[in-house]
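Taking it in order: structure first as structure tokens, then the write-up.
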Amino acid sequence: MDTVEKDQLDAGAQFVLKSRGSWIHCGYHLTTSIVAPALLSLPFAFASLGWIAGVMCLVIGALVTFYSYNLLSLVLEHHAQLGHRHLRFRDMANDILGPRWGRYYVGPIQFLVCYGAVVGSTLLGGQCMKAIYVLSNPDGNMKLYQFVMIFGCLMLILAQIPSFHSLRHINLVSLILCLAYSACATAGSIYIGSSSKGPKKDYSLSSDDDSRIFGIFNALAIIATTFGNGIIPEIQATLAPPVKGKMFKGLCVCYGVVTVTFFSVAISGYWAFGNQADGLILTNFMDDGKPLVPKWFILMTNAFTILQLSAVAVVYLQPTNEVLERTFADPKSGEFSLRNVVPRAISRSLSVVMATTISAMLPFFGDINAIIGAFGFMPLDFVLPVVFFNLTFKPSKKGLLFWLNVTIAVVFATLGVIAAVAAVRQISLDAKTYRLFANV
């Protein structure tokens, strides 16, 4: 089990997960990891749920994740007070559930979720760049994979930032950017919805029973993934001791931004486009290649989104960086010694090249990410925090707290399995359109 005694720290903990940050830095990291461009899919989720169920699911998602992230933080604080500060999710699982859970379940699914987020962010960054290109040069012949590679080059530079704590200034800019593109998405939706340019508003749900049921579960998976984090222990690891109470303040900053962005984009987008809302609401701002809002507005919104995506991708690279650092670096040599800098630059560059190649090859990665979200974000963010809390603090089985936690674990574990089935069905429906390096 890892403790924070300096001589026992491996290179991953010592160099990547430095404990030097304040609660406000923690708020920046949390906001970047949760308030990402995935929120631009929320109107699409509403299209499968309708007004009442959509707003209710968004409220429940916010309340449950705020609650479960706080429980996870309390468990981490408790172990820190006992002298065993856990810096990684798998360390917690090792200690609370046993070493096999950490090694064979929590570690691998966290790695998959985080690396999947990097690949997804790279793909979306390429798609936003292509949207700007098509708008500026409608007859151009550049392909999507070329824009993905350009975004990958930006990631190659950002990936070399040494530690999670070093990202605090980038993540402050990221917080401002997510507010900016959310405001743009909301303003654009209201502008189109209140003009004659927009589509006729239709809020009816699908009449086909199968499509409606699977649509609901797909929408729930989208909302769960949008609230997903998967790296709470690693973010708390960046806090300078004592950690007590700091994570709660950071979460309050983050959920202030969540409330402003998620609800404004979801409600305005669904109001403007109804059941015609696309998987990415910015796509609705174009109709048959013609912009429904001023061209400069679409360019600006996409630029904000691309810049924030680079910050999101580099945050979700941190667990990969930590594993690479632990494997290849020497904790006894200096962080910036030649012995550690060379393997760091090579290994991180290779991990970015691999993520870029996957996103260029598989432009349908969104469908794959839905499965990763169902198998990964659901357990990491909804199920394990309440299980960890009950096993650590052992609340009375006669009390409300114990049964509330058990209910959350059972409901979201079930939803995770059903959402995974819905995601597999979506892949089977879309499979006929899949082509490697497709120009979508």
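We name chains A, B, ... following the order of the structure tokens; residues begin at 1 in each chain, and ligands are numbered from 1 as shown.
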Neighbour list for Val134 of chain A as number ranges by chain, cut-off 12 Å, only C-alpha atoms, skip fewer than 2 positions in-chain: A: 127-132, 136-144, 147, 286, 289-291, 295, 298-299, 440
- prompt: Residues at most 6 Å from segment 32-40 of chain A, counting only C-alpha atoms, excluding those fewer than 4 positions away in the same chain, as a PyMOL selection string?
  reply: chain A and resi 226-227+229+280-281+312
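The space between atom CA of Ile176 of chain A and atom CA of Gly256 of chain A spans 12.8 Å.
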message: Could you list, as a list in words, every residue within 7 Å of Gly250 of chain A, counting only C-alpha atoms and ignoring same-chain residues fewer than 3 positions away?
response: Trp23, Ile24, Cys26, Gly27, Lys246, Met247, Val253 and Cys254 of chain A
Given the selection you just returned, output its residues as a file containing N, CA and C atoms, formatted as a PDB file, in the first residue's frame.
ATOM      1  N   TRP A  23      -7.117  24.544  -2.561  1.00  0.00           N
ATOM      2  CA  TRP A  23      -8.473  24.099  -2.912  1.00  0.00           C
ATOM      3  C   TRP A  23      -8.957  24.729  -4.229  1.00  0.00           C
ATOM      4  N   ILE A  24      -8.497  25.950  -4.533  1.00  0.00           N
ATOM      5  CA  ILE A  24      -8.952  26.595  -5.770  1.00  0.00           C
ATOM      6  C   ILE A  24      -8.318  25.911  -6.991  1.00  0.00           C
ATOM      7  N   CYS A  26      -7.593  22.796  -7.051  1.00  0.00           N
ATOM      8  CA  CYS A  26      -8.394  21.570  -7.112  1.00  0.00           C
ATOM      9  C   CYS A  26      -9.706  21.829  -7.863  1.00  0.00           C
ATOM     10  N   GLY A  27     -10.318  22.994  -7.624  1.00  0.00           N
ATOM     11  CA  GLY A  27     -11.541  23.386  -8.331  1.00  0.00           C
ATOM     12  C   GLY A  27     -11.315  23.501  -9.828  1.00  0.00           C
ATOM     13  N   LYS A 246     -10.725  20.724   1.888  1.00  0.00           N
ATOM     14  CA  LYS A 246     -10.330  21.437   0.662  1.00  0.00           C
ATOM     15  C   LYS A 246     -11.089  20.912  -0.562  1.00  0.00           C
ATOM     16  N   MET A 247     -11.290  19.588  -0.588  1.00  0.00           N
ATOM     17  CA  MET A 247     -11.952  18.990  -1.752  1.00  0.00           C
ATOM     18  C   MET A 247     -13.403  19.473  -1.846  1.00  0.00           C
ATOM     19  N   VAL A 253     -16.831  24.900  -6.282  1.00  0.00           N
ATOM     20  CA  VAL A 253     -16.440  25.710  -7.450  1.00  0.00           C
ATOM     21  C   VAL A 253     -16.880  25.000  -8.733  1.00  0.00           C
ATOM     22  N   CYS A 254     -16.516  23.712  -8.811  1.00  0.00           N
ATOM     23  CA  CYS A 254     -16.807  22.927 -10.014  1.00  0.00           C
ATOM     24  C   CYS A 254     -18.301  22.855 -10.285  1.00  0.00           C
TER      25      CYS A 254
END
query: In Å to one decimal, how far is atom CA of Pro241 of chain A from atom CA of Tyr115 of chain A?
result: 28.6 Å
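When only C-alpha atoms are used to compute distances to Gln146 of chain A, the closest of the residues A:Tyr133, A:Tyr105, A:Phe111, A:Phe402 turns out to be A:Tyr133.
One finds atom CA of Pro108 of chain A at 13.0 Å from atom CA of Asn94 of chain A.
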I'd like the contact shell of Ser359 of chain A - 9 Å cut-off, only C-alpha atoms, skipping same-chain residues fewer than 4 positions apart - returned as a short mmCIF file (atom, residue, chain, number, x, y, z; two decimals) with N, CA, C and O atoms, in the first residue's frame.
data_model
loop_
_atom_site.label_atom_id
_atom_site.label_comp_id
_atom_site.auth_asym_id
_atom_site.auth_seq_id
_atom_site.Cartn_x
_atom_site.Cartn_y
_atom_site.Cartn_z
N VAL A 119 -8.56 9.87 -26.37
CA VAL A 119 -8.85 9.55 -27.78
C VAL A 119 -10.09 10.33 -28.24
O VAL A 119 -10.09 10.94 -29.32
N GLY A 120 -11.15 10.32 -27.41
CA GLY A 120 -12.39 11.03 -27.75
C GLY A 120 -12.17 12.53 -27.90
O GLY A 120 -12.70 13.15 -28.84
N SER A 121 -11.37 13.12 -27.02
CA SER A 121 -11.08 14.57 -27.08
C SER A 121 -10.29 14.90 -28.35
O SER A 121 -10.53 15.92 -29.00
N THR A 122 -9.34 14.02 -28.71
CA THR A 122 -8.53 14.24 -29.91
C THR A 122 -9.41 14.18 -31.16
O THR A 122 -9.28 15.02 -32.07
N LEU A 123 -10.32 13.22 -31.18
CA LEU A 123 -11.24 13.09 -32.33
C LEU A 123 -12.15 14.32 -32.43
O LEU A 123 -12.32 14.89 -33.52
N LEU A 124 -12.72 14.73 -31.30
CA LEU A 124 -13.63 15.88 -31.30
C LEU A 124 -12.87 17.16 -31.67
O LEU A 124 -13.40 18.02 -32.39
N GLY A 126 -10.32 17.31 -33.70
CA GLY A 126 -10.18 17.23 -35.16
C GLY A 126 -11.47 17.60 -35.88
O GLY A 126 -11.45 18.31 -36.90
N TYR A 145 -8.93 12.95 -40.81
CA TYR A 145 -7.75 12.39 -40.12
C TYR A 145 -6.58 13.37 -40.12
O TYR A 145 -5.75 13.36 -39.21
N VAL A 148 -7.21 15.63 -37.20
CA VAL A 148 -6.93 14.87 -35.97
C VAL A 148 -5.42 14.87 -35.71
O VAL A 148 -4.96 15.05 -34.58
N MET A 354 -0.17 7.17 -30.18
CA MET A 354 -1.10 6.05 -30.23
C MET A 354 -2.56 6.54 -30.13
O MET A 354 -3.43 6.10 -30.90
N ALA A 355 -2.82 7.47 -29.22
CA ALA A 355 -4.19 8.01 -29.07
C ALA A 355 -4.64 8.72 -30.35
O ALA A 355 -5.78 8.58 -30.79
N PRO A 363 -13.08 7.07 -36.57
CA PRO A 363 -13.87 8.29 -36.34
C PRO A 363 -15.25 8.01 -35.76
O PRO A 363 -15.98 8.93 -35.43
N PHE A 364 -15.59 6.73 -35.61
CA PHE A 364 -16.84 6.34 -34.95
C PHE A 364 -16.57 6.01 -33.48
O PHE A 364 -17.33 5.29 -32.85
N PHE A 365 -15.45 6.54 -32.94
CA PHE A 365 -15.04 6.20 -31.57
C PHE A 365 -16.08 6.60 -30.53
O PHE A 365 -16.11 6.05 -29.44
N PHE A 437 -10.33 5.43 -41.11
CA PHE A 437 -9.93 6.75 -41.62
C PHE A 437 -11.06 7.43 -42.42
O PHE A 437 -10.80 8.16 -43.37
#
task: Just list the residues in segment 170-418 of chain A DSSP gives alpha helix (DSSP H) on the backbone, as a ChimeraX atom specification.
output: /A:170-193,209-227,232-237,246-273,295-316,318-328,338-361,365-377,384-393,400-418
